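Asks: Dropping in final20.txt, which is compact mmCIF, C-alpha atoms:
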```txt
# COMPACT_ATOMS: atom_id res chain seq x y z
CA MET A 7 95.71 101.66 122.14
CA ARG A 8 96.63 105.29 121.61
CA HIS A 9 100.17 106.12 122.71
CA PHE A 10 99.74 109.88 122.13
CA ASP A 11 97.18 111.04 124.69
CA PHE A 12 96.46 113.60 127.39
CA LYS A 13 97.67 113.17 130.96
CA ASN A 14 97.38 115.90 133.59
CA GLY A 15 96.21 118.35 130.96
CA HIS A 16 99.12 117.87 128.56
CA MET A 17 99.65 115.50 125.65
CA HIS A 18 102.13 112.70 126.29
CA CYS A 19 103.91 110.21 124.07
CA GLU A 20 103.67 107.07 126.17
CA GLY A 21 104.92 108.28 129.57
CA VAL A 22 106.74 111.42 128.40
CA SER A 23 105.19 114.89 128.22
CA LEU A 24 105.52 116.51 124.82
CA SER A 25 105.87 119.85 126.59
CA ASP A 26 108.98 118.53 128.36
CA ILE A 27 110.45 117.39 125.03
CA ALA A 28 109.71 120.79 123.48
CA ASP A 29 111.33 122.59 126.44
CA GLN A 30 114.49 120.48 126.29
CA VAL A 31 114.92 119.69 122.58
CA GLY A 32 113.17 122.67 121.03
CA THR A 33 110.65 122.80 118.21
CA PRO A 34 109.90 121.74 115.58
CA VAL A 35 110.71 118.14 116.50
CA TYR A 36 109.49 114.69 115.45
CA VAL A 37 108.48 112.44 118.34
CA TYR A 38 108.03 108.68 117.88
CA SER A 39 106.43 106.04 120.08
CA SER A 40 108.37 102.77 120.32
CA ALA A 41 105.25 101.00 121.55
CA THR A 42 103.31 102.04 118.45
CA PHE A 43 106.03 100.92 116.03
CA GLU A 44 106.26 97.57 117.79
CA ARG A 45 102.52 97.06 118.02
CA HIS A 46 101.91 97.85 114.35
CA PHE A 47 104.68 95.52 113.21
CA SER A 48 103.39 92.74 115.46
CA VAL A 49 99.80 93.18 114.26
CA PHE A 50 100.95 92.95 110.65
CA THR A 51 103.10 89.88 111.15
CA GLU A 52 100.36 88.19 113.17
CA ALA A 53 98.13 88.36 110.09
CA PHE A 54 100.57 86.00 108.32
CA LYS A 55 101.74 83.81 111.20
CA ASP A 56 100.83 80.57 109.39
CA GLN A 57 102.62 81.45 106.14
CA ASP A 58 106.26 81.44 105.03
CA THR A 59 106.82 85.18 104.93
CA LEU A 60 109.41 87.93 104.91
CA VAL A 61 108.12 91.25 106.22
CA ALA A 62 110.58 93.75 104.72
CA TYR A 63 109.81 97.13 106.28
CA SER A 64 109.90 99.90 103.68
CA VAL A 65 112.85 101.98 104.84
CA LYS A 66 111.85 105.05 102.82
CA ALA A 67 108.84 105.60 105.11
CA ASN A 68 111.03 106.36 108.12
CA SER A 69 114.71 105.55 107.77
CA ASN A 70 116.15 106.53 111.14
CA ILE A 71 118.53 103.77 112.25
CA ALA A 72 117.03 103.70 115.75
CA VAL A 73 113.62 102.98 114.24
CA LEU A 74 115.15 100.30 112.02
CA ALA A 75 116.97 98.78 114.99
CA SER A 76 113.71 98.65 116.96
CA LEU A 77 112.04 96.73 114.12
CA ALA A 78 115.10 94.52 113.57
CA LYS A 79 114.76 93.23 117.14
CA LEU A 80 111.25 92.07 116.21
CA GLY A 81 112.57 90.16 113.19
CA ALA A 82 111.87 92.72 110.47
CA GLY A 83 113.61 92.68 107.13
CA ALA A 84 114.02 95.79 104.98
CA ASP A 85 112.90 97.02 101.58
CA VAL A 86 115.53 99.50 100.39
CA VAL A 87 115.70 101.69 97.29
CA SER A 88 119.24 103.09 97.48
CA GLY A 89 122.73 102.26 98.62
CA GLY A 90 122.25 104.67 101.50
CA GLU A 91 119.16 102.86 102.72
CA LEU A 92 121.01 99.55 102.38
CA ALA A 93 123.78 100.93 104.62
CA ARG A 94 121.20 102.12 107.15
CA ALA A 95 119.49 98.73 107.29
CA LEU A 96 122.77 96.89 107.76
CA LYS A 97 123.96 99.32 110.45
CA ALA A 98 120.67 98.84 112.30
CA GLY A 99 121.26 95.11 112.48
CA ILE A 100 119.01 93.85 109.69
CA PRO A 101 120.86 90.92 108.05
CA GLY A 102 121.51 90.99 104.32
CA GLU A 103 119.43 87.87 103.72
CA LYS A 104 116.35 89.80 104.91
CA ILE A 105 116.88 92.79 102.60
CA VAL A 106 115.01 93.38 99.35
CA PHE A 107 116.46 95.99 96.94
CA SER A 108 113.82 97.84 94.92
CA GLY A 109 113.92 100.99 92.78
CA VAL A 110 114.15 101.90 89.10
CA GLY A 111 117.63 103.43 89.04
CA LYS A 112 120.08 101.16 90.85
CA LYS A 113 123.68 102.06 90.00
CA PRO A 114 126.57 99.57 89.66
CA ALA A 115 128.14 100.63 92.96
CA GLU A 116 124.83 100.02 94.75
CA MET A 117 124.49 96.61 93.12
CA HIS A 118 128.05 95.79 94.21
CA ALA A 119 127.26 96.75 97.82
CA ALA A 120 124.05 94.70 97.80
CA LEU A 121 125.78 91.62 96.39
CA THR A 122 128.52 91.99 98.98
CA ALA A 123 125.87 92.12 101.70
CA GLY A 124 124.22 88.97 100.38
CA ILE A 125 120.74 90.45 100.05
CA HIS A 126 117.64 88.31 99.65
CA VAL A 127 116.61 89.54 96.19
CA PHE A 128 116.87 92.37 93.69
CA ASN A 129 113.51 93.61 92.41
CA VAL A 130 114.54 94.40 88.83
CA GLU A 131 112.55 96.99 86.90
CA SER A 132 113.99 96.98 83.37
CA GLN A 133 116.07 94.88 80.98
CA ALA A 134 118.71 97.60 80.99
CA GLU A 135 119.03 97.26 84.77
CA LEU A 136 119.16 93.48 84.44
CA ASP A 137 122.07 93.67 81.99
CA VAL A 138 124.09 95.91 84.32
CA LEU A 139 123.35 93.67 87.31
CA ASN A 140 124.44 90.63 85.32
CA SER A 141 127.75 92.34 84.45
CA VAL A 142 128.39 93.40 88.06
CA ALA A 143 127.62 89.90 89.36
CA ILE A 144 129.93 88.23 86.81
CA GLU A 145 132.72 90.67 87.65
CA MET A 146 132.33 89.81 91.36
CA GLY A 147 132.04 86.08 90.75
CA LYS A 148 128.55 86.03 92.21
CA ILE A 149 125.02 85.12 91.15
CA ALA A 150 122.37 87.82 91.68
CA PRO A 151 118.94 86.56 92.84
CA ILE A 152 116.22 88.51 91.05
CA ALA A 153 112.51 89.00 90.79
CA PHE A 154 111.08 91.20 88.08
CA ARG A 155 108.76 93.90 89.29
CA VAL A 156 105.86 93.55 86.89
CA ASN A 157 103.43 96.36 86.20
CA PRO A 158 99.92 94.85 86.23
CA ASP A 159 98.19 98.05 84.99
CA VAL A 160 95.94 98.17 88.05
CA SER A 161 94.62 101.47 89.37
CA ALA A 162 94.81 101.64 93.16
CA GLY A 163 93.09 104.99 93.64
CA GLY A 164 94.55 107.71 95.86
CA HIS A 165 96.83 110.55 94.85
CA GLU A 166 98.37 110.25 91.38
CA LYS A 167 101.87 110.94 92.73
CA ILE A 168 101.84 107.75 94.82
CA SER A 169 100.19 105.46 92.27
CA THR A 170 102.74 103.01 90.87
CA GLY A 171 100.85 100.18 89.18
CA LYS A 172 99.41 101.79 86.06
CA ALA A 173 100.85 101.29 82.58
CA GLU A 174 101.91 104.95 82.36
CA ASN A 175 103.92 104.82 85.61
CA LYS A 176 107.71 104.51 85.50
CA PHE A 177 107.78 101.36 87.60
CA GLY A 178 108.21 97.75 86.59
CA ILE A 179 108.28 95.62 83.47
CA ALA A 180 105.32 96.14 81.14
CA TRP A 181 102.77 93.37 81.58
CA SER A 182 102.96 92.43 77.92
CA SER A 183 106.75 92.00 78.15
CA ALA A 184 106.96 90.09 81.44
CA GLU A 185 107.28 86.54 80.12
CA ALA A 186 109.86 87.57 77.53
CA ALA A 187 111.85 89.33 80.25
CA TYR A 188 111.95 86.16 82.35
CA ALA A 189 113.00 84.11 79.33
CA TYR A 190 115.87 86.52 78.69
CA ALA A 191 116.93 86.55 82.36
CA ALA A 192 117.21 82.76 82.32
CA THR A 193 119.97 83.00 79.68
CA LEU A 194 122.24 85.27 81.77
CA PRO A 195 125.08 83.60 83.70
CA GLY A 196 125.14 86.13 86.55
CA ILE A 197 121.40 86.00 87.22
CA LYS A 198 119.17 83.58 89.08
CA VAL A 199 115.40 84.02 88.75
CA VAL A 200 113.76 83.41 92.13
CA GLY A 201 110.50 85.34 92.23
CA VAL A 202 107.94 87.84 91.03
CA ASP A 203 107.31 91.29 92.51
CA VAL A 204 104.39 93.72 92.26
CA HIS A 205 103.67 97.02 94.00
CA ILE A 206 100.69 99.10 92.91
CA GLY A 207 100.86 102.21 95.08
CA SER A 208 100.63 103.76 98.52
CA GLN A 209 97.88 104.75 100.96
CA ILE A 210 95.48 102.21 99.43
CA VAL A 211 92.26 101.98 101.44
CA ASP A 212 90.39 99.33 99.46
CA LEU A 213 91.27 95.64 99.16
CA ALA A 214 89.88 95.33 95.63
CA PRO A 215 93.00 96.66 93.78
CA PHE A 216 95.20 94.31 95.81
CA GLU A 217 92.96 91.39 94.93
CA THR A 218 93.02 92.26 91.24
CA ALA A 219 96.82 92.59 91.16
CA ILE A 220 97.50 89.43 93.20
CA THR A 221 95.11 87.38 91.09
CA LYS A 222 96.65 88.66 87.88
CA VAL A 223 100.22 87.97 89.03
CA GLY A 224 99.18 84.56 90.35
CA GLY A 225 98.27 83.60 86.80
CA LEU A 226 101.66 84.85 85.61
CA ILE A 227 103.44 82.71 88.21
CA LYS A 228 101.65 79.61 86.90
CA ARG A 229 102.68 80.42 83.34
CA LEU A 230 106.29 81.11 84.32
CA ARG A 231 106.56 77.81 86.16
CA ALA A 232 105.11 76.02 83.14
CA GLN A 233 107.89 77.65 81.12
CA GLY A 234 110.53 76.18 83.44
CA HIS A 235 111.21 79.07 85.84
CA ASP A 236 111.73 78.19 89.51
CA ILE A 237 109.51 80.83 91.10
CA GLN A 238 110.08 80.62 94.84
CA SER A 239 108.74 83.95 96.11
CA PHE A 240 105.92 86.39 95.49
CA ASP A 241 106.50 89.97 96.69
CA VAL A 242 103.19 91.82 96.88
CA GLY A 243 104.77 95.10 97.95
CA GLY A 244 103.20 97.44 100.46
CA GLY A 245 100.65 100.20 100.17
CA LEU A 246 98.14 99.40 102.90
CA GLY A 247 96.66 102.72 103.97
CA ILE A 248 96.16 104.28 107.40
CA ASN A 249 93.61 106.60 108.96
CA TYR A 250 94.94 110.17 108.96
CA GLY A 251 92.17 111.37 111.23
CA ASN A 252 89.78 113.03 108.80
CA ASN A 253 87.38 110.07 108.80
CA ALA A 254 87.23 110.16 105.01
CA VAL A 255 87.98 106.47 104.80
CA THR A 256 88.39 103.47 107.06
CA PRO A 257 91.34 101.44 105.76
CA PRO A 258 91.22 97.64 105.97
CA GLN A 259 92.73 96.07 109.06
CA PRO A 260 95.91 93.98 108.56
CA SER A 261 93.86 90.92 109.57
CA GLU A 262 91.44 91.56 106.68
CA TYR A 263 94.33 92.12 104.29
CA GLY A 264 96.02 88.96 105.55
CA ALA A 265 92.89 86.86 105.10
CA MET A 266 92.54 88.10 101.51
CA VAL A 267 96.18 87.37 100.67
CA LYS A 268 95.98 83.88 102.20
CA ARG A 269 92.82 83.10 100.24
CA LEU A 270 94.43 84.09 96.95
CA THR A 271 97.88 82.58 97.47
CA SER A 272 97.29 79.43 99.57
CA ASP A 273 97.88 77.10 96.60
CA MET A 274 100.84 78.98 95.07
CA ASN A 275 103.57 77.36 97.20
CA VAL A 276 105.65 80.54 97.40
CA LYS A 277 107.40 82.55 100.09
CA MET A 278 105.35 85.70 100.55
CA ILE A 279 107.24 89.00 100.81
CA PHE A 280 105.58 92.16 102.12
CA GLU A 281 106.93 95.73 102.16
CA PRO A 282 104.80 97.68 104.67
CA GLY A 283 106.00 101.18 105.49
CA ARG A 284 103.29 103.73 106.18
CA MET A 285 101.16 101.11 107.96
CA ILE A 286 104.01 100.53 110.46
CA ALA A 287 105.35 104.06 110.84
CA GLY A 288 102.56 106.51 109.99
CA ASN A 289 100.68 106.70 113.26
CA SER A 290 103.84 106.04 115.30
CA GLY A 291 104.98 109.66 115.16
CA VAL A 292 103.94 113.29 115.48
CA LEU A 293 105.49 116.57 114.43
CA LEU A 294 105.56 118.88 117.45
CA SER A 295 105.57 122.60 116.69
CA GLU A 296 105.11 125.97 118.39
CA VAL A 297 103.03 128.99 117.45
CA VAL A 298 105.20 131.98 116.49
CA TYR A 299 102.48 134.50 115.65
CA VAL A 300 98.72 134.75 115.28
CA LYS A 301 97.96 137.04 112.36
CA ASP A 302 94.66 138.59 111.36
CA GLY A 303 94.24 138.53 107.60
CA GLU A 304 91.62 140.26 105.47
CA ASP A 305 89.12 137.41 105.80
CA ARG A 306 90.87 134.81 107.95
CA LYS A 307 93.21 134.16 110.85
CA PHE A 308 96.65 132.71 110.25
CA LEU A 309 98.35 130.50 112.79
CA ILE A 310 102.03 130.95 111.93
CA ILE A 311 104.07 128.10 113.41
CA ASP A 312 107.77 127.24 113.50
CA ALA A 313 107.37 124.06 111.43
CA ALA A 314 107.42 124.50 107.67
CA MET A 315 106.95 122.64 104.42
CA ASN A 316 110.62 121.62 104.49
CA ASP A 317 109.91 119.77 107.76
CA LEU A 318 106.64 118.12 106.64
CA ILE A 319 106.11 118.38 102.90
CA ARG A 320 103.14 116.04 102.54
CA PRO A 321 100.43 118.75 102.63
CA ALA A 322 102.24 120.82 99.99
CA LEU A 323 103.21 117.84 97.83
CA TYR A 324 100.14 115.62 98.08
CA ASP A 325 97.43 117.92 99.50
CA ALA A 326 97.64 115.56 102.47
CA TYR A 327 95.52 115.87 105.59
CA HIS A 328 97.00 115.59 109.08
CA ASP A 329 94.95 115.79 112.25
CA ILE A 330 96.15 118.71 114.40
CA GLU A 331 95.78 119.00 118.15
CA ALA A 332 96.92 121.44 120.80
CA VAL A 333 99.44 119.98 123.23
CA ARG A 334 97.55 121.54 126.12
CA ALA A 335 94.19 119.86 126.70
CA PRO A 336 91.27 122.15 125.84
CA GLY A 337 89.31 123.38 128.84
CA SER A 338 85.57 123.36 129.31
CA ASN A 339 85.33 127.04 128.33
CA MET A 340 87.47 126.60 125.22
CA THR A 341 86.83 128.89 122.28
CA GLU A 342 87.32 127.40 118.82
CA VAL A 343 88.67 129.45 115.91
CA LEU A 344 89.03 128.82 112.18
CA TYR A 345 92.72 129.03 111.30
CA ASP A 346 94.90 128.70 108.25
CA VAL A 347 97.92 126.92 109.71
CA VAL A 348 101.05 128.06 107.87
CA GLY A 349 104.82 127.95 108.19
CA PRO A 350 107.48 130.68 107.91
CA ILE A 351 108.80 129.83 104.41
CA CYS A 352 108.26 132.48 101.75
CA GLU A 353 105.97 130.39 99.57
CA THR A 354 102.19 130.18 99.52
CA GLY A 355 102.64 126.42 99.32
CA ASP A 356 103.94 126.51 102.89
CA THR A 357 100.40 125.95 104.11
CA PHE A 358 99.46 122.93 106.21
CA THR A 359 95.71 123.45 106.23
CA LYS A 360 93.04 126.06 105.55
CA ARG A 361 89.96 126.87 107.59
CA ARG A 362 90.73 124.28 110.25
CA MET A 363 88.74 124.59 113.49
CA LEU A 364 91.18 124.54 116.43
CA PRO A 365 91.24 125.77 120.01
CA GLU A 366 92.04 129.46 120.21
CA MET A 367 95.82 129.75 120.40
CA GLU A 368 98.47 132.38 121.02
CA ALA A 369 102.20 132.75 120.50
CA GLY A 370 104.10 130.13 122.49
CA ASP A 371 101.32 127.55 122.42
CA ARG A 372 102.26 124.15 121.01
CA LEU A 373 100.50 121.79 118.65
CA VAL A 374 101.10 118.44 117.03
CA PHE A 375 100.53 117.04 113.56
CA HIS A 376 99.43 113.45 114.01
CA SER A 377 100.25 110.54 111.68
CA ALA A 378 103.58 112.11 110.77
CA GLY A 379 105.79 109.09 111.44
CA ALA A 380 105.94 108.10 107.76
CA TYR A 381 107.26 110.37 104.99
CA GLY A 382 107.78 113.20 107.46
CA ALA A 383 111.39 113.38 108.62
CA ALA A 384 112.40 111.09 105.76
CA GLN A 385 111.36 113.72 103.19
CA ALA A 386 112.58 116.75 105.13
CA SER A 387 115.08 119.17 103.62
CA GLN A 388 117.13 122.21 104.61
CA TYR A 389 115.31 124.58 102.27
CA ASN A 390 115.75 128.23 103.31
CA THR A 391 118.82 127.01 105.28
CA ARG A 392 116.49 125.71 107.96
CA PRO A 393 118.25 122.94 109.90
CA LEU A 394 116.80 119.45 109.59
CA VAL A 395 114.21 118.81 112.26
CA PRO A 396 115.47 116.55 115.09
CA GLU A 397 113.90 113.19 115.91
CA VAL A 398 113.12 111.78 119.35
CA LEU A 399 112.25 108.17 120.21
CA VAL A 400 110.21 107.49 123.34
CA ARG A 401 110.05 104.21 125.21
CA GLY A 402 107.89 104.19 128.31
CA GLY A 403 108.96 107.04 130.54
CA GLU A 404 112.21 107.94 128.79
CA TYR A 405 113.27 109.44 125.51
CA HIS A 406 116.37 109.68 123.37
CA VAL A 407 117.31 112.17 120.64
CA ILE A 408 117.92 109.83 117.70
CA ARG A 409 118.80 112.62 115.28
CA ALA A 410 120.12 115.92 116.60
CA ARG A 411 119.23 119.26 115.09
CA PRO A 412 122.26 120.53 113.14
CA THR A 413 123.40 124.10 113.58
CA VAL A 414 123.62 126.56 110.72
CA GLU A 415 127.40 126.24 111.09
CA ASP A 416 127.06 122.48 110.53
CA ILE A 417 125.15 123.15 107.30
CA LEU A 418 127.65 125.70 105.98
CA ALA A 419 130.61 123.48 106.85
CA GLY A 420 129.70 121.17 103.97
CA GLU A 421 130.08 123.96 101.42
CA SER A 422 133.19 125.71 100.11
CA ILE A 423 134.20 128.74 98.08
CA PRO A 424 136.50 128.07 95.07
CA ASP A 425 139.92 129.68 94.92
CA TRP A 426 138.97 131.93 92.03
CA LEU A 427 136.46 133.79 94.20
CA ASP A 428 137.49 136.23 96.87
CA ALA A 429 136.78 134.68 100.25
CA PRO A 430 134.75 136.88 102.56
```
What does this structure look like when you write it as structure tokens?
Replies:
Amino acid sequence: MRHFDFKNGHMHCEGVSLSDIADQVGTPVYVYSSATFERHFSVFTEAFKDQDTLVAYSVKANSNIAVLASLAKLGAGADVVSGGELARALKAGIPGEKIVFSGVGKKPAEMHAALTAGIHVFNVESQAELDVLNSVAIEMGKIAPIAFRVNPDVSAGGHEKISTGKAENKFGIAWSSAEAAYAYAATLPGIKVVGVDVHIGSQIVDLAPFETAITKVGGLIKRLRAQGHDIQSFDVGGGLGINYGNNAVTPPQPSEYGAMVKRLTSDMNVKMIFEPGRMIAGNSGVLLSEVVYVKDGEDRKFLIIDAAMNDLIRPALYDAYHDIEAVRAPGSNMTEVLYDVVGPICETGDTFTKRRMLPEMEAGDRLVFHSAGAYGAAQASQYNTRPLVPEVLVRGGEYHVIRARPTVEDILAGESIPDWLDAP
């Protein structure tokens, strides 16, 4: 079911007109559908209803605490990669025992906070990290539950900047060193080995790389148990792709993914941990923007909008495609025009798409970027001193501003001029 659709000639999110949100909140603005978040999470968990699982939503995809609280009510855990994300998850009501802490650069203070919260497991990515975690745990009088993230050297396809499972990537313990790492961990008094973790990338649209990685790690689990390690859990990460609207690929359904995982892991006797992010959040949100100018170039038309690369960086960073639609439904006599859709930032990289066929538009018209619920607001910045884009959560016929747009004064208030400079 599509929760962003046209009603009475205007696009709505569930029962709320996007034009009304734009009028009252301003643009650019992210708009999220509660129903879509909830449906996607439920569809994913349904695929594993007969297994012992922890579905730890990947907070980095969309970290707003209202989104996290919505998922927490459905029983979601959290996959966090920083102390800040840990704090968000806890504030949203996700209990510590459902939180997985990933990431290559955990600092002692973050480890301390995670141990205090009683998290489910640390996904450790190097021996150096393990040694620091052991020291922090001993100092606190605690035992840190760990799984090593192992790098299976599996190519998952997709953009090179979101591939994480190859030997040259920064993530995880080298495959050739994995068993030695577990043997070393077993000697540390502040560490308890509980599982194995793998994550091979993001926006994966083929089950074959998952199958290769899971099969390979399944063999490792058998060897580790034979060596005396009590492996209780297998974290297969996230990475399941979504359809961004360009029909280039048709990603597997969660049910297909679930059937594959069950087939490969049914005899492993482990708790399965999953870290879906994009699959839950991606199609749950849009970026709503307004046309500022239509400009005739030498050989093309530019649609200059009030959203910019600092609001949605994916096209500039990953050459990512987002489906674009006008908020006003096209009429029967609609004229289509080829546009380069660009933002106001003084960089050529501030280009969302080139030569995209769209309804003819003029200043003041509004449009949406679909599939912007993941890695949209979460990656936004205040480049060019442009205030962070606000976020709105819709449920049925009502909406709530879950992150307000700061003023320029709010931004400047966090900065100061040292005494040795003359104040203005």
Asks: Check the smallest atom-to-atom distance from each of A:Ser295, A:Gln388, A:Asn339, A:Ser239 to A:Tyr36 using only C-alpha atoms, then report the winner.
Replies: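 When distances to A:Tyr36 are compared using only C-alpha atoms, the smallest one comes from A:Ser295.
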Asks: From the set A:Ala187, A:Asp317, A:Val142, A:Phe308, which residue has the shortest atom-to-atom contact distance to A:Gln385, counting all atoms listed in the file?
Replies: A:Asp317
Asks: Select all residues near (99.2, 81.5, 95.1) (cut-off 10 Å, inclusive, file coordinates), counting only C-alpha atoms, and output them as a PyMOL selection string.
Replies: chain A and resi 220-221+223-225+227-228+239-240+267-278
Asks: In terms of the shortest atom-to-atom distance over only C-alpha atoms, which of A:Ala326, A:Ala219, A:Ala67, A:Met367 is closest to A:Tyr381?
Replies: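 For A:Tyr381, the nearest of the candidates is A:Ala67.
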Asks: May I ask which of the residues A:Val110, A:Ala115, A:Ala369, A:Val31 is the closest one to A:Val130, counting all atoms listed in the file?
Replies: A:Val110
Asks: Mind giving me the straight-line distance from atom CA of A:Pro396 to atom CA of A:Ala384 in Å, one decimal?
Replies: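 Distance reported for this atom pair: 11.2 Å.
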Asks: One number please: atom CA of A:Pro412 to atom CA of A:Ala383, in Å, one decimal.
Replies: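 Spanning atom CA of A:Pro412 to atom CA of A:Ala383 is a straight-line distance of 13.8 Å.
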Asks: Between A:Gln233, A:Gln238, A:Ser387, A:Ser182, which has the minimum distance to A:Val202 (counting all atoms listed in the file)?
Replies: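 Of all the options, A:Gln238 lies closest to A:Val202.
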Asks: In terms of the shortest atom-to-atom distance over all atoms listed in the file, which of A:Glu135, A:Val343, A:Gly207, A:Val333 is closest to A:Ser25?
Replies: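 Result for the nearest residue to A:Ser25: A:Val333.
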Asks: List as a ChimeraX atom specification: which residues have an atom within 8 Å of (103.1, 94.1, 94.9), counting only C-alpha atoms?
Replies: /A:155,203-206,216,219-220,241-244,280
Asks: In Å, with one decimal, what is the gap from atom CA of A:His46 to atom CA of A:Glu404?
Replies: 20.4 Å
Asks: Which residues are close to A:Thr357, i.e. within 9 Å by all atoms listed in the file, leaving aside same-chain residues fewer than 3 positions away? Reply as a tab-separated table (two decimals) with C-alpha atoms, keeping the file's coordinate frame.
Replies:
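out-v7.tsv, freshly written:
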```
chain	number	residue	atom	x	y	z
A	314	ALA	CA	107.42	124.50	107.67
A	315	MET	CA	106.95	122.64	104.42
A	321	PRO	CA	100.43	118.75	102.63
A	322	ALA	CA	102.24	120.82	99.99
A	346	ASP	CA	94.90	128.70	108.25
A	347	VAL	CA	97.92	126.92	109.71
A	348	VAL	CA	101.05	128.06	107.87
A	349	GLY	CA	104.82	127.95	108.19
A	353	GLU	CA	105.97	130.39	99.57
A	354	THR	CA	102.19	130.18	99.52
A	360	LYS	CA	93.04	126.06	105.55
```
Asks: Name all residues at most 10 Å from A:Ile351 (count only C-alpha atoms; drop same-chain ones fewer than 4 positions away) and give them as a list in words.
Replies: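 In the requested form, the answer reads Asp312, Ala313, Ala314, Met315, Asn316, Gly355, Asp356, Thr357, Tyr389, Asn390 and Arg392 of chain A.
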